[in-house]
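*Asks:* To be precise about what I am sending: the file is called input.cif and holds mmCIF, C-alpha atoms.
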```
data_input
#
loop_
_atom_site.label_atom_id
_atom_site.label_comp_id
_atom_site.auth_asym_id
_atom_site.auth_seq_id
_atom_site.Cartn_x
_atom_site.Cartn_y
_atom_site.Cartn_z
CA MET A 10 0.00 0.00 0.00
CA ILE A 11 1.17 3.49 -0.75
CA ILE A 12 -0.26 6.90 0.14
CA SER A 13 -0.42 9.61 -2.47
CA ALA A 14 0.78 12.71 -0.65
CA GLU A 15 -1.05 14.90 -3.12
CA GLU A 16 -4.45 13.39 -2.34
CA CYS A 17 -4.02 12.67 1.39
CA GLY A 18 -6.03 14.90 3.72
CA TYR A 19 -4.36 13.67 6.93
CA CYS A 20 -7.67 12.55 8.44
CA GLY A 21 -6.32 9.41 10.09
CA ALA A 22 -9.06 7.00 8.96
CA CYS A 23 -6.37 4.66 7.57
CA VAL A 24 -4.52 4.71 10.89
CA ALA A 25 -7.74 3.84 12.73
CA VAL A 26 -8.15 0.58 10.79
CA CYS A 27 -4.52 -0.51 10.30
CA PRO A 28 -4.16 -3.75 12.26
CA HIS A 29 -0.38 -3.80 12.01
CA GLY A 30 0.58 -0.32 13.14
CA THR A 31 2.39 0.23 9.87
CA LEU A 32 0.98 3.67 9.21
CA GLU A 33 2.97 6.59 10.47
CA LEU A 34 0.89 9.65 11.22
CA GLU A 35 3.59 12.17 10.67
CA GLY A 36 4.05 12.57 6.96
CA MET A 37 1.40 9.87 6.39
CA ARG A 38 3.86 7.15 5.47
CA ILE A 39 3.26 3.42 5.27
CA ILE A 40 6.17 1.38 6.54
CA GLN A 41 6.51 -0.92 3.51
CA GLU A 42 8.44 -3.70 5.25
CA GLU A 43 5.68 -4.15 7.81
CA CYS A 44 2.63 -3.70 5.55
CA LYS A 45 0.68 -6.92 5.01
CA ASN A 46 -1.36 -5.49 2.11
CA CYS A 47 -4.65 -6.13 3.91
CA THR A 48 -6.18 -3.12 2.04
CA LYS A 49 -8.26 -1.98 5.04
CA CYS A 50 -6.69 1.49 4.78
CA LEU A 51 -7.51 1.67 1.08
CA ILE A 52 -11.17 0.84 1.76
CA VAL A 53 -11.73 3.54 4.38
CA CYS A 54 -9.73 6.38 2.83
CA PRO A 55 -12.41 9.03 2.10
CA VAL A 56 -10.53 10.44 -0.89
CA GLY A 57 -8.92 7.33 -2.39
CA ALA A 58 -5.39 8.50 -1.62
CA ILE A 59 -4.15 4.98 -0.88
CA LYS A 60 -3.21 2.69 -3.77
CA GLU A 61 -1.96 -0.85 -4.04
CA GLY A 62 1.73 -1.29 -4.70
CA ASN A 63 4.87 -0.05 -3.02
CA HIS A 64 6.29 2.53 -5.37
CA GLU A 65 6.21 6.20 -4.57
CA VAL A 66 3.34 7.93 -6.36
CA MET B 13 7.80 17.73 34.08
CA LYS B 14 5.09 16.33 36.31
CA TYR B 15 1.32 16.83 36.21
CA ASP B 16 -1.62 15.21 37.94
CA VAL B 17 -3.27 14.60 34.58
CA VAL B 18 -2.03 14.67 30.99
CA VAL B 19 -4.77 14.86 28.37
CA VAL B 20 -3.81 13.91 24.80
CA GLY B 21 -5.93 15.70 22.21
CA ALA B 22 -7.56 19.14 22.47
CA ARG B 23 -10.85 18.74 20.68
CA ILE B 24 -14.13 18.30 22.51
CA GLY B 25 -13.12 15.18 24.43
CA GLY B 26 -9.77 16.56 25.54
CA SER B 27 -10.91 20.07 26.39
CA THR B 28 -13.94 18.81 28.32
CA ALA B 29 -11.92 16.30 30.35
CA SER B 30 -9.19 18.85 31.11
CA LEU B 31 -11.74 21.58 31.91
CA PHE B 32 -13.51 19.56 34.57
CA ALA B 33 -10.30 18.13 36.04
CA SER B 34 -8.82 21.64 36.29
CA LYS B 35 -12.02 23.08 37.76
CA LYS B 36 -11.64 20.68 40.66
CA GLY B 37 -8.10 21.89 41.26
CA LEU B 38 -5.94 19.31 39.52
CA ASP B 39 -2.72 20.22 37.77
CA VAL B 40 -3.53 19.41 34.13
CA LEU B 41 -1.59 19.51 30.87
CA MET B 42 -3.38 19.14 27.53
CA ILE B 43 -1.37 18.25 24.42
CA GLU B 44 -2.54 19.00 20.87
CA LYS B 45 -0.72 17.68 17.80
CA ASN B 46 -1.95 20.44 15.48
CA GLN B 47 -0.58 23.94 15.69
CA GLU B 48 -4.09 25.33 15.88
CA ILE B 49 -6.89 23.98 18.07
CA GLY B 50 -10.11 23.40 16.11
CA THR B 51 -8.66 22.76 12.65
CA PRO B 52 -8.98 20.87 10.46
CA VAL B 53 -12.71 20.32 11.02
CA GLN B 54 -13.73 16.65 10.86
CA CYS B 55 -17.36 16.96 11.79
CA ALA B 56 -20.82 17.81 10.44
CA GLU B 57 -21.10 20.19 13.42
CA ALA B 58 -24.62 19.33 14.64
CA THR B 59 -25.26 18.79 18.31
CA SER B 60 -28.04 18.85 20.89
CA SER B 61 -28.70 21.22 23.77
CA SER B 62 -27.49 18.51 26.17
CA THR B 63 -23.93 19.30 25.07
CA PHE B 64 -24.23 22.81 26.50
CA GLN B 65 -25.84 21.52 29.69
CA THR B 66 -22.97 19.07 30.17
CA LEU B 67 -20.37 21.75 29.52
CA GLU B 68 -22.22 24.39 31.58
CA MET B 69 -21.86 26.76 28.62
CA GLU B 70 -24.38 28.90 26.80
CA PRO B 71 -25.17 28.20 23.13
CA SER B 72 -23.67 31.59 22.27
CA PRO B 73 -23.89 33.03 18.73
CA LYS B 74 -20.11 33.28 18.95
CA TYR B 75 -19.88 29.59 18.02
CA VAL B 76 -23.46 28.57 17.17
CA CYS B 77 -24.29 29.15 13.49
CA SER B 78 -27.92 28.12 13.51
CA GLU B 79 -30.62 26.76 15.73
CA ILE B 80 -32.22 23.54 14.51
CA LYS B 81 -35.92 22.92 15.03
CA GLY B 82 -36.32 19.64 13.18
CA ALA B 83 -35.33 17.48 10.26
CA ASP B 84 -36.50 16.11 6.92
CA VAL B 85 -35.59 12.50 6.26
CA TYR B 86 -35.63 11.20 2.67
CA ALA B 87 -35.96 7.60 1.48
CA PRO B 88 -34.31 6.62 -1.84
CA ASP B 89 -37.48 7.30 -3.90
CA GLY B 90 -37.95 10.74 -2.38
CA THR B 91 -40.60 9.74 0.15
CA HIS B 92 -39.85 11.92 3.12
CA GLY B 93 -40.87 12.38 6.69
CA HIS B 94 -40.70 15.57 8.70
CA LEU B 95 -39.51 15.53 12.29
CA GLU B 96 -40.33 18.53 14.45
CA GLY B 97 -38.65 19.21 17.78
CA GLY B 98 -37.60 16.61 20.33
CA TYR B 99 -34.69 14.47 19.30
CA ALA B 100 -34.25 16.42 16.04
CA GLU B 101 -33.74 19.74 17.84
CA GLY B 102 -30.32 21.23 18.35
CA PHE B 103 -27.62 23.51 17.01
CA ILE B 104 -25.07 23.72 14.22
CA LEU B 105 -21.73 24.74 15.62
CA GLU B 106 -18.78 26.49 14.07
CA ARG B 107 -16.38 23.86 15.38
CA LYS B 108 -13.27 25.91 14.64
CA ILE B 109 -14.48 28.54 17.08
CA PHE B 110 -16.26 26.22 19.49
CA ASP B 111 -13.28 23.89 19.99
CA LYS B 112 -10.99 26.86 20.50
CA GLN B 113 -13.42 28.42 23.00
CA LEU B 114 -13.66 25.16 24.93
CA ALA B 115 -9.85 25.03 25.12
CA ILE B 116 -9.88 28.66 26.29
CA GLU B 117 -12.38 27.77 29.03
CA SER B 118 -10.14 24.90 30.06
CA ALA B 119 -7.08 27.15 30.09
CA LYS B 120 -8.95 29.72 32.19
CA ALA B 121 -9.72 26.94 34.67
CA GLY B 122 -5.98 26.34 34.95
CA THR B 123 -5.10 23.80 32.23
CA ASP B 124 -1.66 24.19 30.67
CA ILE B 125 -1.79 23.59 26.92
CA MET B 126 0.92 22.61 24.47
CA VAL B 127 0.16 22.87 20.75
CA LYS B 128 2.06 21.35 17.82
CA THR B 129 3.16 18.61 20.17
CA ARG B 130 2.92 14.92 19.43
CA VAL B 131 2.83 12.05 21.85
CA LYS B 132 5.33 9.47 20.67
CA ASP B 133 5.16 7.00 23.50
CA LEU B 134 3.89 6.29 26.97
CA ILE B 135 5.97 6.19 30.11
CA ARG B 136 5.15 2.89 31.78
CA ARG B 137 6.30 1.39 35.04
CA ASP B 138 5.30 -2.15 36.05
CA GLY B 139 2.69 -2.05 33.31
CA LYS B 140 1.10 1.14 34.62
CA VAL B 141 0.87 4.26 32.44
CA CYS B 142 2.81 7.00 34.27
CA GLY B 143 3.01 9.72 31.62
CA VAL B 144 3.89 10.42 28.02
CA VAL B 145 6.91 11.04 25.84
CA ALA B 146 6.16 13.90 23.46
CA THR B 147 7.99 15.87 20.80
CA HIS B 148 7.69 19.58 20.13
CA MET B 149 9.71 21.39 17.48
CA GLY B 150 12.38 18.76 17.45
CA HIS B 151 12.65 18.49 21.23
CA THR B 152 11.65 15.40 23.17
CA LEU B 153 9.93 15.84 26.51
CA GLU B 154 9.11 13.33 29.21
CA ILE B 155 5.99 14.29 31.10
CA GLU B 156 5.01 12.31 34.18
CA ALA B 157 1.35 12.07 35.20
CA ASP B 158 -0.77 10.14 37.66
CA VAL B 159 -3.48 9.78 35.03
CA VAL B 160 -3.33 10.00 31.24
CA ILE B 161 -6.58 10.72 29.40
CA ALA B 162 -6.47 9.65 25.75
CA ALA B 163 -8.65 11.90 23.61
CA ASP B 164 -6.66 11.52 20.42
CA GLY B 165 -9.48 10.65 18.05
CA ILE B 166 -10.05 7.69 15.75
CA GLU B 167 -6.34 7.06 15.33
CA SER B 168 -6.29 6.29 19.03
CA GLN B 169 -2.57 5.69 19.21
CA VAL B 170 -2.32 6.41 22.94
CA ALA B 171 -4.90 3.83 24.01
CA ARG B 172 -3.40 1.29 21.61
CA LYS B 173 0.05 1.86 23.04
CA ALA B 174 -1.46 1.13 26.45
CA GLY B 175 -2.74 -2.19 25.12
CA LEU B 176 -6.42 -1.34 24.66
CA LYS B 177 -8.29 -2.64 21.64
CA THR B 178 -9.58 0.58 20.14
CA GLN B 179 -8.91 -0.37 16.54
CA GLN B 180 -11.66 0.07 13.96
CA THR B 181 -12.34 -1.93 10.81
CA PRO B 182 -13.84 -0.91 7.44
CA GLY B 183 -17.14 -2.33 8.71
CA THR B 184 -17.12 -0.24 11.89
CA LEU B 185 -15.70 3.02 10.53
CA CYS B 186 -17.86 5.24 8.37
CA SER B 187 -15.73 6.99 5.77
CA CYS B 188 -16.88 10.61 5.38
CA ALA B 189 -16.38 13.54 3.04
CA GLN B 190 -18.05 16.92 3.39
CA TYR B 191 -18.12 20.24 1.63
CA GLU B 192 -19.00 23.43 3.40
CA MET B 193 -20.95 25.00 0.55
CA VAL B 194 -22.25 28.43 -0.33
CA GLY B 195 -25.54 28.77 -2.20
CA VAL B 196 -27.48 26.02 -0.44
CA ASP B 197 -30.91 27.57 -0.09
CA TYR B 198 -32.63 25.31 2.42
CA ASP B 199 -34.54 26.41 5.48
CA PRO B 200 -31.75 27.27 7.94
CA HIS B 201 -33.60 25.63 10.84
CA TYR B 202 -33.99 22.12 9.46
CA LEU B 203 -31.54 19.28 8.86
CA GLN B 204 -31.84 17.16 5.72
CA PHE B 205 -30.99 13.45 5.69
CA TYR B 206 -30.95 11.30 2.55
CA PHE B 207 -30.75 7.52 2.73
CA GLY B 208 -30.11 4.95 0.01
CA ARG B 209 -27.55 2.41 -1.14
CA GLU B 210 -27.09 4.27 -4.41
CA ILE B 211 -26.19 7.59 -2.83
CA ALA B 212 -24.58 6.48 0.44
CA PRO B 213 -24.15 2.74 1.08
CA GLY B 214 -23.82 1.98 4.79
CA GLY B 215 -24.40 5.59 5.76
CA TYR B 216 -26.33 8.65 4.60
CA VAL B 217 -26.05 12.08 3.03
CA TRP B 218 -26.59 15.12 5.20
CA VAL B 219 -27.26 18.79 4.55
CA PHE B 220 -26.82 20.78 7.74
CA PRO B 221 -27.56 24.49 7.26
CA LYS B 222 -25.28 27.05 8.88
CA GLY B 223 -27.37 30.04 7.84
CA ASP B 224 -26.92 32.65 5.11
CA GLY B 225 -27.05 30.01 2.35
CA VAL B 226 -24.06 28.16 3.79
CA ALA B 227 -24.37 24.47 4.69
CA ASN B 228 -22.34 21.37 5.47
CA VAL B 229 -23.15 18.90 2.71
CA GLY B 230 -21.61 15.54 3.52
CA VAL B 231 -21.64 11.83 2.84
CA GLY B 232 -20.78 8.97 5.16
CA VAL B 233 -20.33 5.53 3.60
CA ARG B 234 -19.10 2.04 4.32
CA SER B 235 -18.23 0.87 0.84
CA ASP B 236 -15.31 -1.21 -0.41
CA THR B 237 -15.69 -0.04 -3.99
CA LYS B 238 -16.12 3.72 -4.05
CA THR B 239 -14.81 6.55 -1.91
CA ALA B 240 -16.86 8.91 0.24
CA TYR B 241 -15.50 11.75 -1.87
CA SER B 242 -16.84 10.21 -5.09
CA PHE B 243 -20.31 9.95 -3.53
CA LEU B 244 -20.03 13.56 -2.37
CA ARG B 245 -19.11 14.70 -5.88
CA LYS B 246 -22.07 12.81 -7.27
CA PHE B 247 -24.54 14.21 -4.76
CA THR B 248 -23.39 17.80 -5.20
CA ALA B 249 -22.92 17.63 -8.99
CA ASN B 250 -26.25 19.25 -9.77
CA MET B 251 -26.33 21.68 -6.87
CA ASP B 252 -25.98 25.32 -7.72
CA ALA B 253 -23.53 25.78 -4.86
CA THR B 254 -19.80 26.05 -4.48
CA PRO B 255 -17.49 24.69 -1.76
CA VAL B 256 -15.38 26.81 0.55
CA GLU B 257 -14.03 23.87 2.50
CA LEU B 258 -13.50 20.11 2.12
CA ASN B 259 -13.55 18.03 5.30
CA ILE B 260 -12.73 14.34 5.50
CA GLY B 261 -12.57 11.79 8.27
CA GLY B 262 -13.79 8.55 9.77
CA VAL B 263 -16.63 8.08 12.25
CA PRO B 264 -16.75 5.00 14.48
CA VAL B 265 -20.25 3.49 14.17
CA GLN B 266 -19.95 0.30 16.19
CA GLY B 267 -20.56 1.85 19.60
CA PRO B 268 -18.01 2.08 22.40
CA VAL B 269 -14.95 -0.15 22.58
CA ASP B 270 -15.06 -2.90 25.21
CA LYS B 271 -12.54 -1.40 27.58
CA THR B 272 -11.99 2.34 28.03
CA TYR B 273 -9.51 2.22 30.92
CA THR B 274 -6.34 0.54 32.07
CA ASP B 275 -3.76 1.19 34.78
CA GLY B 276 -3.24 4.97 34.82
CA LEU B 277 -5.26 5.67 31.67
CA MET B 278 -8.78 6.49 30.51
CA VAL B 279 -9.99 6.84 26.90
CA VAL B 280 -12.67 9.31 25.78
CA GLY B 281 -14.43 10.40 22.58
CA ASP B 282 -13.89 8.95 19.11
CA ALA B 283 -10.91 6.99 20.44
CA ALA B 284 -13.32 5.16 22.75
CA GLY B 285 -16.07 4.88 20.13
CA GLN B 286 -18.30 7.17 22.19
CA VAL B 287 -20.49 8.03 19.20
CA GLU B 288 -24.13 7.24 18.41
CA PRO B 289 -23.85 4.49 15.79
CA PHE B 290 -27.04 5.34 13.90
CA THR B 291 -26.52 9.05 13.43
CA GLY B 292 -22.75 9.18 13.85
CA GLY B 293 -23.33 12.05 16.28
CA GLY B 294 -20.61 12.15 18.89
CA ILE B 295 -20.34 15.63 20.36
CA HIS B 296 -22.93 15.24 23.12
CA VAL B 297 -21.81 11.70 23.98
CA THR B 298 -18.14 12.66 24.06
CA ALA B 299 -18.78 15.76 26.17
CA HIS B 300 -20.75 13.66 28.65
CA CYS B 301 -18.17 10.87 28.91
CA ALA B 302 -15.18 13.24 28.93
CA ARG B 303 -16.64 15.24 31.81
CA ILE B 304 -17.07 11.99 33.72
CA ALA B 305 -13.43 11.08 32.95
CA GLY B 306 -12.13 14.50 34.04
CA GLU B 307 -14.09 14.43 37.28
CA PHE B 308 -13.26 10.82 37.95
CA ALA B 309 -9.54 11.61 37.56
CA VAL B 310 -10.00 13.97 40.52
CA GLU B 311 -11.51 11.20 42.62
CA ALA B 312 -8.82 8.69 41.62
CA ILE B 313 -6.02 11.11 42.49
CA GLU B 314 -7.64 12.11 45.79
CA LYS B 315 -7.97 8.43 46.73
CA ASP B 316 -4.43 7.83 45.42
CA ASP B 317 -5.70 4.92 43.35
CA THR B 318 -5.25 5.14 39.59
CA SER B 319 -5.21 1.37 39.08
CA ARG B 320 -7.43 -0.23 36.46
CA GLY B 321 -9.46 -1.72 39.30
CA PHE B 322 -10.48 1.79 40.35
CA LEU B 323 -10.58 3.48 36.92
CA LYS B 324 -13.06 0.79 35.92
CA ASN B 325 -15.58 2.98 37.69
CA TYR B 326 -15.17 5.58 34.92
CA GLN B 327 -16.53 3.02 32.49
CA LYS B 328 -19.32 2.06 34.88
CA LEU B 329 -20.31 5.71 35.22
CA TRP B 330 -20.42 6.58 31.51
CA LYS B 331 -22.18 3.31 30.70
CA LYS B 332 -24.84 4.14 33.26
CA GLU B 333 -25.34 7.56 31.65
CA VAL B 334 -25.16 6.83 27.91
CA GLY B 335 -24.70 3.06 27.51
CA LYS B 336 -28.34 2.24 26.89
CA ASP B 337 -28.77 4.97 24.25
CA LEU B 338 -25.67 3.83 22.39
CA LYS B 339 -26.85 0.21 22.38
CA GLU B 340 -30.25 1.22 21.08
CA SER B 341 -28.68 3.36 18.39
CA LEU B 342 -26.45 0.47 17.28
CA LYS B 343 -29.51 -1.76 16.99
CA TYR B 344 -31.14 0.69 14.58
CA ARG B 345 -27.94 1.10 12.59
CA LYS B 346 -27.73 -2.67 12.14
CA ILE B 347 -31.35 -2.82 11.01
CA MET B 348 -30.71 -0.03 8.51
CA ASP B 349 -27.72 -1.97 7.17
CA GLN B 350 -30.02 -4.84 6.20
CA LEU B 351 -32.54 -2.77 4.23
CA SER B 352 -32.56 -2.56 0.47
CA ASP B 353 -33.55 0.73 -1.15
CA GLU B 354 -36.96 -0.74 -1.98
CA GLU B 355 -37.50 -1.77 1.65
CA MET B 356 -36.46 1.70 2.83
CA ASN B 357 -39.10 3.18 0.51
CA ILE B 358 -41.83 0.86 1.81
CA LEU B 359 -40.87 1.56 5.40
CA ALA B 360 -40.76 5.31 4.79
CA LYS B 361 -44.25 5.25 3.26
CA PHE B 362 -45.57 3.35 6.28
CA LEU B 363 -43.87 5.58 8.86
CA LYS B 364 -44.93 8.75 7.06
CA ASP B 365 -48.56 8.01 7.81
CA GLN B 366 -47.97 7.14 11.46
CA ASP B 367 -47.79 9.25 14.53
CA LEU B 368 -44.25 8.23 15.51
CA GLU B 369 -44.95 8.71 19.21
CA SER B 370 -47.75 6.16 19.20
CA ILE B 371 -47.67 3.68 16.34
CA SER B 372 -50.58 1.34 17.03
CA LYS B 373 -50.19 -2.44 17.22
CA MET B 374 -52.96 -2.85 14.69
CA SER B 375 -51.22 -0.73 12.08
CA MET B 376 -47.94 -2.60 12.70
CA LEU B 377 -49.68 -5.95 12.26
CA GLY B 378 -51.35 -4.76 9.09
CA PHE B 379 -47.99 -3.57 7.76
CA VAL B 380 -46.21 -6.83 8.51
CA ARG B 381 -49.06 -8.86 6.97
CA GLU B 382 -48.63 -6.90 3.78
CA TYR B 383 -44.81 -6.97 3.86
CA PRO B 384 -43.77 -10.13 5.72
CA GLN B 385 -40.08 -9.43 5.05
CA PHE B 386 -40.22 -6.85 7.85
CA LEU B 387 -41.31 -9.36 10.49
CA LYS B 388 -37.73 -10.19 11.46
CA LEU B 389 -36.91 -6.51 11.62
CA LEU B 390 -39.91 -5.79 13.81
CA LYS B 391 -38.85 -8.55 16.20
CA GLU B 392 -35.44 -6.93 16.50
CA ILE B 393 -36.95 -3.58 17.39
CA LEU B 394 -39.36 -4.95 19.99
#
```
Here is a file; write its structure as structure tokens.

*Replies:*
Amino acid sequence: MIISAEECGYCGACVAVCPHGTLELEGMRIIQEECKNCTKCLIVCPVGAIKEGNHEV
Amino acid sequence: MKYDVVVVGARIGGSTASLFASKKGLDVLMIEKNQEIGTPVQCAEATSSSTFQTLEMEPSPKYVCSEIKGADVYAPDGTHGHLEGGYAEGFILERKIFDKQLAIESAKAGTDIMVKTRVKDLIRRDGKVCGVVATHMGHTLEIEADVVIAADGIESQVARKAGLKTQQTPGTLCSCAQYEMVGVDYDPHYLQFYFGREIAPGGYVWVFPKGDGVANVGVGVRSDTKTAYSFLRKFTANMDATPVELNIGGVPVQGPVDKTYTDGLMVVGDAAGQVEPFTGGGIHVTAHCARIAGEFAVEAIEKDDTSRGFLKNYQKLWKKEVGKDLKESLKYRKIMDQLSDEEMNILAKFLKDQDLESISKMSMLGFVREYPQFLKLLKEIL
């Protein structure tokens, strides 16, 4: 999972549902090594700023 | 640094808890991650008069935009019911100003406040929460406290660090997007709610008027295919109005988390799921629970017992006050989840012709005979 910085509104919905604690609030970064690609964050993001994959958008 | 209480988060939950703890003479520090209290707004801004009673504040025009007398509720086919007074009464706040004012009240009562400060970790000794580690402008601070109150919103990092299960899932978190729009010419004293799987699956659309043609137009959804923002764009596409603000966020709609306390820590507000699941309204619930937490911190510190065994009473107290309402609200939300658009239309037509205060058994029986699919639903309500 990767967050598009341009679309992110820093609302924290993704952090609320991340079961692995892999989302860092500051700078809205997903720690790639720890992400299990469960897609929960992608589902709840109100603006669709989270995409599948691990390359910088 | 050492305080009696450290409150993490300076929105309604945090400011209320710190206000009432400070009023009773405790030494309180409140920490806010943003550099400005009250922004960004993540709320549709409607609340009831009970919020002001709880806070012992007046619904001043300084932070109240409009007074709400009722609501219009729309089914997918446009069938609508009008609610006047009672539960539908309330106010639309200007949260930016209201949250700031509440923090000011708390500060006047003696609360120290730090802005642009993030809690990175908890200080723990023998499993007990004894304070927080925070960063501010590149500096790290260790702040000791007898009690930590976590009011850090849906992210709920503080409670999670303390081992509490406050995590949400896509099924329990309503994903929301809202425009504050100009040119929305509805009656400024009535809320509008629109239901339907096509326009807002797992949630609803709201239009909350702020007066002078300005309104919060928002959508809450639980959908794994489309975003809240896309539903908002669709709903507002044909409105002759323009946005001046976009707000986004998540609302917990599963009711409170199982455990809102542990050794040295209490959780309040969104972090604790203290939100009405059916409406997603959380201001009045949070204010109520946060006041209980702030006042209970005083009792715990006076008795020199901040163990989970004693802080459990915080949970007992808020459950006694709002637990039943939240359970009831969750029941209705779950029923709503099961309804198709067609069923919503049928139900709306039936309810429209009833006096909601006294729906007769005969009319219910007649309705269920005609539409047997609602029998199960009726059983759940009764």

*Asks:* Please report the interatomic distance between CA of Lys60 in chain A and CA of Met10 in chain A in Å with one decimal.

*Replies:*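 Separation between CA of Lys60 in chain A and CA of Met10 in chain A: 5.6 Å.
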
*Asks:* Which residues, protein or nucleic acid, reach to within 9 Å of (-8.1, 0.7, 10.6) in the file's coordinates when using all atoms listed in the file, and can you give that as a list in words?

*Replies:*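 Returned residue set, sorted by chain then number, is Gly21, Ala22, Cys23, Val24, Ala25, Val26, Cys27, Pro28, Lys49, Cys50 and Val53 of chain A; Ile166, Glu167, Gln179, Gln180, Thr181, Pro182 and Leu185 of chain B.
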
*Asks:* Using only C-alpha atoms, which chain B residues lie at most 8 Å away from chain A, written as a PyMOL selection string?

*Replies:* chain B and resi 54+166-168+179-182+185-189+234-237+239-242+260-262

*Asks:* If the PyMOL selection byres ((chain B and resi 351-366) around 10) is run on the structure shown, which residues does it catch, given as JSON, numbers by chain?

*Replies:* {"B": [85, 86, 87, 88, 89, 90, 91, 92, 93, 94, 207, 208, 209, 210, 213, 214, 346, 347, 348, 349, 350, 367, 368, 369, 370, 371, 372, 375, 376, 379, 383, 385, 386, 389]}

*Asks:* Within 7 Å of (-19.5, -3.5, 13.2) (coordinates as in the file), grab all the protein and nucleic acid residues, counting only C-alpha atoms, and write them out as number ranges by chain.

*Replies:* B: 183-184, 266

*Asks:* So the first atom is CA of Glu57 in chain B and the second is CA of Tyr191 in chain B; what is the distance between them in Å, to one decimal place?

*Replies:*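 Calculated distance between CA of Glu57 in chain B and CA of Tyr191 in chain B is 12.2 Å.
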
*Asks:* Rounded to one decimal in Å, what is the spacing between CA of Ile135 in chain B and CA of Ile39 in chain A?

*Replies:*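 Taking CA of Ile135 in chain B and CA of Ile39 in chain A, their separation equals 25.1 Å.
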
*Asks:* Using all atoms listed in the file, which residue out of B:Thr59, B:Thr254, B:Thr272, B:Thr248 lies closest to Met193 in chain B?

*Replies:*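 For Met193 in chain B, the nearest of the candidates is B:Thr254.
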
*Asks:* Please evaluate the PyMOL selection byres ((chain B and resi 310-317) around 12) against the displayed coordinates and give the resulting residues as a PyMOL selection string.

*Replies:* chain B and resi 15-17+29-40+140+157-160+275-278+303-309+318-326

*Asks:* Hey, what's within 8 Å of His201 in chain B if we count all atoms listed in the file and toss same-chain stuff fewer than 6 positions away? As a PyMOL selection string, please?

*Replies:* chain B and resi 78-82+221

*Asks:* If we count only C-alpha atoms and set the cut-off at 7 Å, which residues sit around Val229 in chain B, ignoring sequence neighbours fewer than 3 positions away in its own chain? Please answer as a list in words.

*Replies:* Gln190, Tyr191, Glu192, Met193, Trp218, Val219 and Phe220 of chain B

*Asks:* Select, from B:Val226, B:Ile104, B:Ala299, B:Val334, the residue with the minimum atom-to-atom distance to Glu68 in chain B, counting all atoms listed in the file.

*Replies:* B:Ala299

*Asks:* Apply the PyMOL selection byres ((chain B and resi 26) around 8) to the file shown and report the selected residues as a list of chain:residue names.

*Replies:*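 Evaluating the PyMOL selection byres ((chain B and resi 26) around 8) on these coordinates yields B:Val19, B:Val20, B:Gly21, B:Ala22, B:Arg23, B:Ile24, B:Gly25, B:Ser27, B:Thr28, B:Ala29, B:Ser30, B:Met42, B:Ile161, B:Ala162, B:Ala163, B:Asp164, B:Val280, B:Ala302.
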
*Asks:* If you count only C-alpha atoms, which residues fall within 9 Å of Ser61 in chain B, apart from same-chain ones fewer than 4 positions away, as number ranges by chain?

*Replies:* B: 65-66, 71, 101-103, 296
